[in-house]
Amino acid sequence: MRRGRSSEAVSEYAAGARGRWRRRGVVLLVVLAVGVALSFVSSRVRIVRGSLKLRWLEEQCANFTLPEETIVYEQRREGAARLLGQTQYVSVGSFPNPERPIACRTAPCWDQLEGFAHNSFRFPKAPAPVMFLHLLRTKSGVERIVAIVPQEGGWSPPLSLAISTHVPNQDREQQTVGGGFEYSIGRQLTTLTDGRPVAFHAGQVDANDPSRFSMRFEGGGGKSGWVDGRLLEDGNVKLELRVKE
């Protein structure tokens with residue numbers, strides 16, 4: 001009888017142990033499932049938040065507009081010194097020449113978009129000079145957010161223009177850096193003005209053709225005109241100098 005009761009007790013204990021392990025296993029599986037679900041949800045939330053931020057930055061850059069009378073690029077010494085006293089302007093060139101200061105307007109939304117979409121934050125991060133920023137659209141529907149950035153060492157003119165383009169409404173993983181450099185404009189300006197300082201006004205998109213824009217300039221010797229830009233069907237941007245007669 002004792003052996004029978006002992007066997008029954010052992011069996012009951014073993015059955016109870018197996019039940020406890022099953023319950024622990026179920027709890028562990030539930031915890032793992034919840035963890036995986038939370039990780040997935042967190043990942044999706046980050047993706048959605050990133051997408052919303054990207055769209056917001058694109059909208060800010062696409063609609064960036066300044067009044068036409070605003071000077072966005074200034075080589076004339078007194079004007080440049082005055083503009084550099086304002087927070088919206090920065091000095092142009094990797095090694096600015098204090099004897100020949102050059103001031104250019106900034107567009108904070110472009111810095112943020114460039115860094116967020118293309119992972120190209122500068123270290124240390126500093127505002128980039130931007131002469132023009134807006135969305136351009138061709139007749140066939142090709143769209144690019146276009147930024148015109150002056151490139152100059154500060155000691156050796158002529159001015160060259162960097163063209164940066166961003167394709168709107170794409171995921172970050174699909175984004176590529178587009179654009180190029182335009183050197184001939186600076187050489188033409190130097191010849192036109194005999195190397196004298198120039199100033200550019202804020203560029204304006206053509207009201208009748210959203211693929212085109214123009215930036216008015218004033219140069220030494222009373223020379224003036226425009227730099228005309230046009231978005232091509234292949235997504236590139238073409239710049240041309242137009243002199244006022």
# chains A, B, ... in the order shown; residues from 1 in each chain; ligands from 1
$ select_by_dssp --residues "stretch 72-162 of chain A" --states "helix (DSSP H, G or I)" --output "list in words"
Arg77, Glu78, Gly79, Ala80, Ala81, Arg82, Leu83, Pro108, Cys109, Trp110, Asp111, Gln112, Leu113, Glu114, Gly115, Phe116, Ala117 and His118 of chain A
$ residues_around --residues "stretch 134-139 of chain A" --least-positions-apart "6" --cutoff "10 Å" --atoms "only C-alpha atoms" --output "ChimeraX atom specification"
/A:58-65,110,145-148,165-168,203-206,209-213,229-235,237
$ write_last_selection --atoms "N, CA and C atoms" --output "JSON list (two decimals), in the first residue's frame"
[["chain", "number", "residue", "atom", "x", "y", "z"],
["A", 58, "GLU", "N", 10.33, 68.23, -48.07],
["A", 58, "GLU", "CA", 10.18, 68.44, -49.51],
["A", 58, "GLU", "C", 9.21, 69.58, -49.80],
["A", 59, "GLU", "N", 8.13, 69.63, -49.05],
["A", 59, "GLU", "CA", 7.15, 70.70, -49.27],
["A", 59, "GLU", "C", 7.75, 72.07, -48.95],
["A", 60, "GLN", "N", 8.53, 72.13, -47.87],
["A", 60, "GLN", "CA", 9.18, 73.40, -47.51],
["A", 60, "GLN", "C", 10.12, 73.88, -48.61],
["A", 61, "CYS", "N", 10.92, 72.95, -49.16],
["A", 61, "CYS", "CA", 11.88, 73.31, -50.21],
["A", 61, "CYS", "C", 11.18, 73.60, -51.53],
["A", 62, "ALA", "N", 10.14, 72.82, -51.84],
["A", 62, "ALA", "CA", 9.42, 72.99, -53.10],
["A", 62, "ALA", "C", 8.78, 74.37, -53.20],
["A", 63, "ASN", "N", 8.38, 74.93, -52.06],
["A", 63, "ASN", "CA", 7.69, 76.22, -52.05],
["A", 63, "ASN", "C", 8.55, 77.36, -51.54],
["A", 64, "PHE", "N", 9.87, 77.12, -51.41],
["A", 64, "PHE", "CA", 10.77, 78.16, -50.89],
["A", 64, "PHE", "C", 10.83, 79.32, -51.88],
["A", 65, "THR", "N", 10.44, 80.50, -51.43],
["A", 65, "THR", "CA", 10.40, 81.67, -52.31],
["A", 65, "THR", "C", 10.81, 82.91, -51.53],
["A", 110, "TRP", "N", 16.69, 73.24, -46.96],
["A", 110, "TRP", "CA", 17.51, 72.48, -47.90],
["A", 110, "TRP", "C", 18.60, 71.70, -47.17],
["A", 145, "ILE", "N", 13.24, 69.08, -57.17],
["A", 145, "ILE", "CA", 13.53, 70.23, -56.30],
["A", 145, "ILE", "C", 14.96, 70.63, -56.61],
["A", 146, "VAL", "N", 15.13, 71.87, -57.05],
["A", 146, "VAL", "CA", 16.43, 72.32, -57.57],
["A", 146, "VAL", "C", 17.03, 73.37, -56.63],
["A", 147, "ALA", "N", 18.29, 73.18, -56.29],
["A", 147, "ALA", "CA", 19.03, 74.15, -55.48],
["A", 147, "ALA", "C", 20.27, 74.58, -56.26],
["A", 148, "ILE", "N", 20.50, 75.89, -56.31],
["A", 148, "ILE", "CA", 21.70, 76.44, -56.94],
["A", 148, "ILE", "C", 22.60, 76.96, -55.82],
["A", 165, "THR", "N", 19.88, 68.45, -57.28],
["A", 165, "THR", "CA", 18.48, 68.13, -57.53],
["A", 165, "THR", "C", 18.03, 67.01, -56.61],
["A", 166, "HIS", "N", 16.76, 67.07, -56.25],
["A", 166, "HIS", "CA", 16.14, 66.05, -55.39],
["A", 166, "HIS", "C", 14.82, 65.63, -56.02],
["A", 167, "VAL", "N", 14.60, 64.32, -56.12],
["A", 167, "VAL", "CA", 13.37, 63.80, -56.68],
["A", 167, "VAL", "C", 12.33, 63.70, -55.57],
["A", 168, "PRO", "N", 11.23, 64.44, -55.65],
["A", 168, "PRO", "CA", 10.23, 64.40, -54.58],
["A", 168, "PRO", "C", 9.39, 63.13, -54.63],
["A", 203, "GLY", "N", 16.02, 84.24, -57.20],
["A", 203, "GLY", "CA", 15.49, 83.67, -58.42],
["A", 203, "GLY", "C", 13.97, 83.51, -58.36],
["A", 204, "GLN", "N", 13.35, 83.59, -59.52],
["A", 204, "GLN", "CA", 11.90, 83.49, -59.62],
["A", 204, "GLN", "C", 11.53, 82.45, -60.68],
["A", 205, "VAL", "N", 10.56, 81.61, -60.35],
["A", 205, "VAL", "CA", 10.06, 80.62, -61.31],
["A", 205, "VAL", "C", 9.16, 81.31, -62.32],
["A", 206, "ASP", "N", 9.29, 80.94, -63.58],
["A", 206, "ASP", "CA", 8.47, 81.51, -64.65],
["A", 206, "ASP", "C", 7.00, 81.18, -64.39],
["A", 209, "ASP", "N", 5.74, 78.94, -67.18],
["A", 209, "ASP", "CA", 6.45, 77.68, -67.46],
["A", 209, "ASP", "C", 7.17, 77.23, -66.19],
["A", 210, "PRO", "N", 6.58, 76.32, -65.42],
["A", 210, "PRO", "CA", 7.19, 75.91, -64.14],
["A", 210, "PRO", "C", 8.48, 75.12, -64.28],
["A", 211, "SER", "N", 8.95, 74.89, -65.50],
["A", 211, "SER", "CA", 10.25, 74.22, -65.68],
["A", 211, "SER", "C", 11.38, 75.24, -65.77],
["A", 212, "ARG", "N", 11.05, 76.52, -65.75],
["A", 212, "ARG", "CA", 12.06, 77.57, -65.95],
["A", 212, "ARG", "C", 12.12, 78.52, -64.76],
["A", 213, "PHE", "N", 13.30, 79.08, -64.54],
["A", 213, "PHE", "CA", 13.48, 80.13, -63.53],
["A", 213, "PHE", "C", 14.58, 81.06, -63.99],
["A", 229, "GLY", "N", 17.53, 79.33, -65.91],
["A", 229, "GLY", "CA", 17.64, 77.89, -65.68],
["A", 229, "GLY", "C", 16.42, 77.17, -66.24],
["A", 230, "ARG", "N", 16.63, 75.95, -66.67],
["A", 230, "ARG", "CA", 15.51, 75.15, -67.22],
["A", 230, "ARG", "C", 15.71, 73.69, -66.86],
["A", 231, "LEU", "N", 14.65, 73.07, -66.35],
["A", 231, "LEU", "CA", 14.66, 71.64, -66.06],
["A", 231, "LEU", "C", 14.34, 70.88, -67.34],
["A", 232, "LEU", "N", 15.24, 69.97, -67.71],
["A", 232, "LEU", "CA", 15.08, 69.19, -68.92],
["A", 232, "LEU", "C", 14.30, 67.91, -68.62],
["A", 233, "GLU", "N", 13.84, 67.26, -69.68],
["A", 233, "GLU", "CA", 13.03, 66.06, -69.51],
["A", 233, "GLU", "C", 13.83, 64.89, -68.89],
["A", 234, "ASP", "N", 15.15, 64.94, -68.99],
["A", 234, "ASP", "CA", 15.96, 63.88, -68.39],
["A", 234, "ASP", "C", 16.29, 64.14, -66.93],
["A", 235, "GLY", "N", 15.74, 65.24, -66.37],
["A", 235, "GLY", "CA", 15.97, 65.56, -64.97],
["A", 235, "GLY", "C", 17.16, 66.44, -64.70],
["A", 237, "VAL", "N", 19.47, 70.01, -65.24],
["A", 237, "VAL", "CA", 19.16, 71.44, -65.27],
["A", 237, "VAL", "C", 20.19, 72.16, -66.12]]
$ closest_residue --among "A:Val142, A:Leu57, A:Val34, A:Val72" --to "A:Phe200" --atoms "only C-alpha atoms"
A:Val72
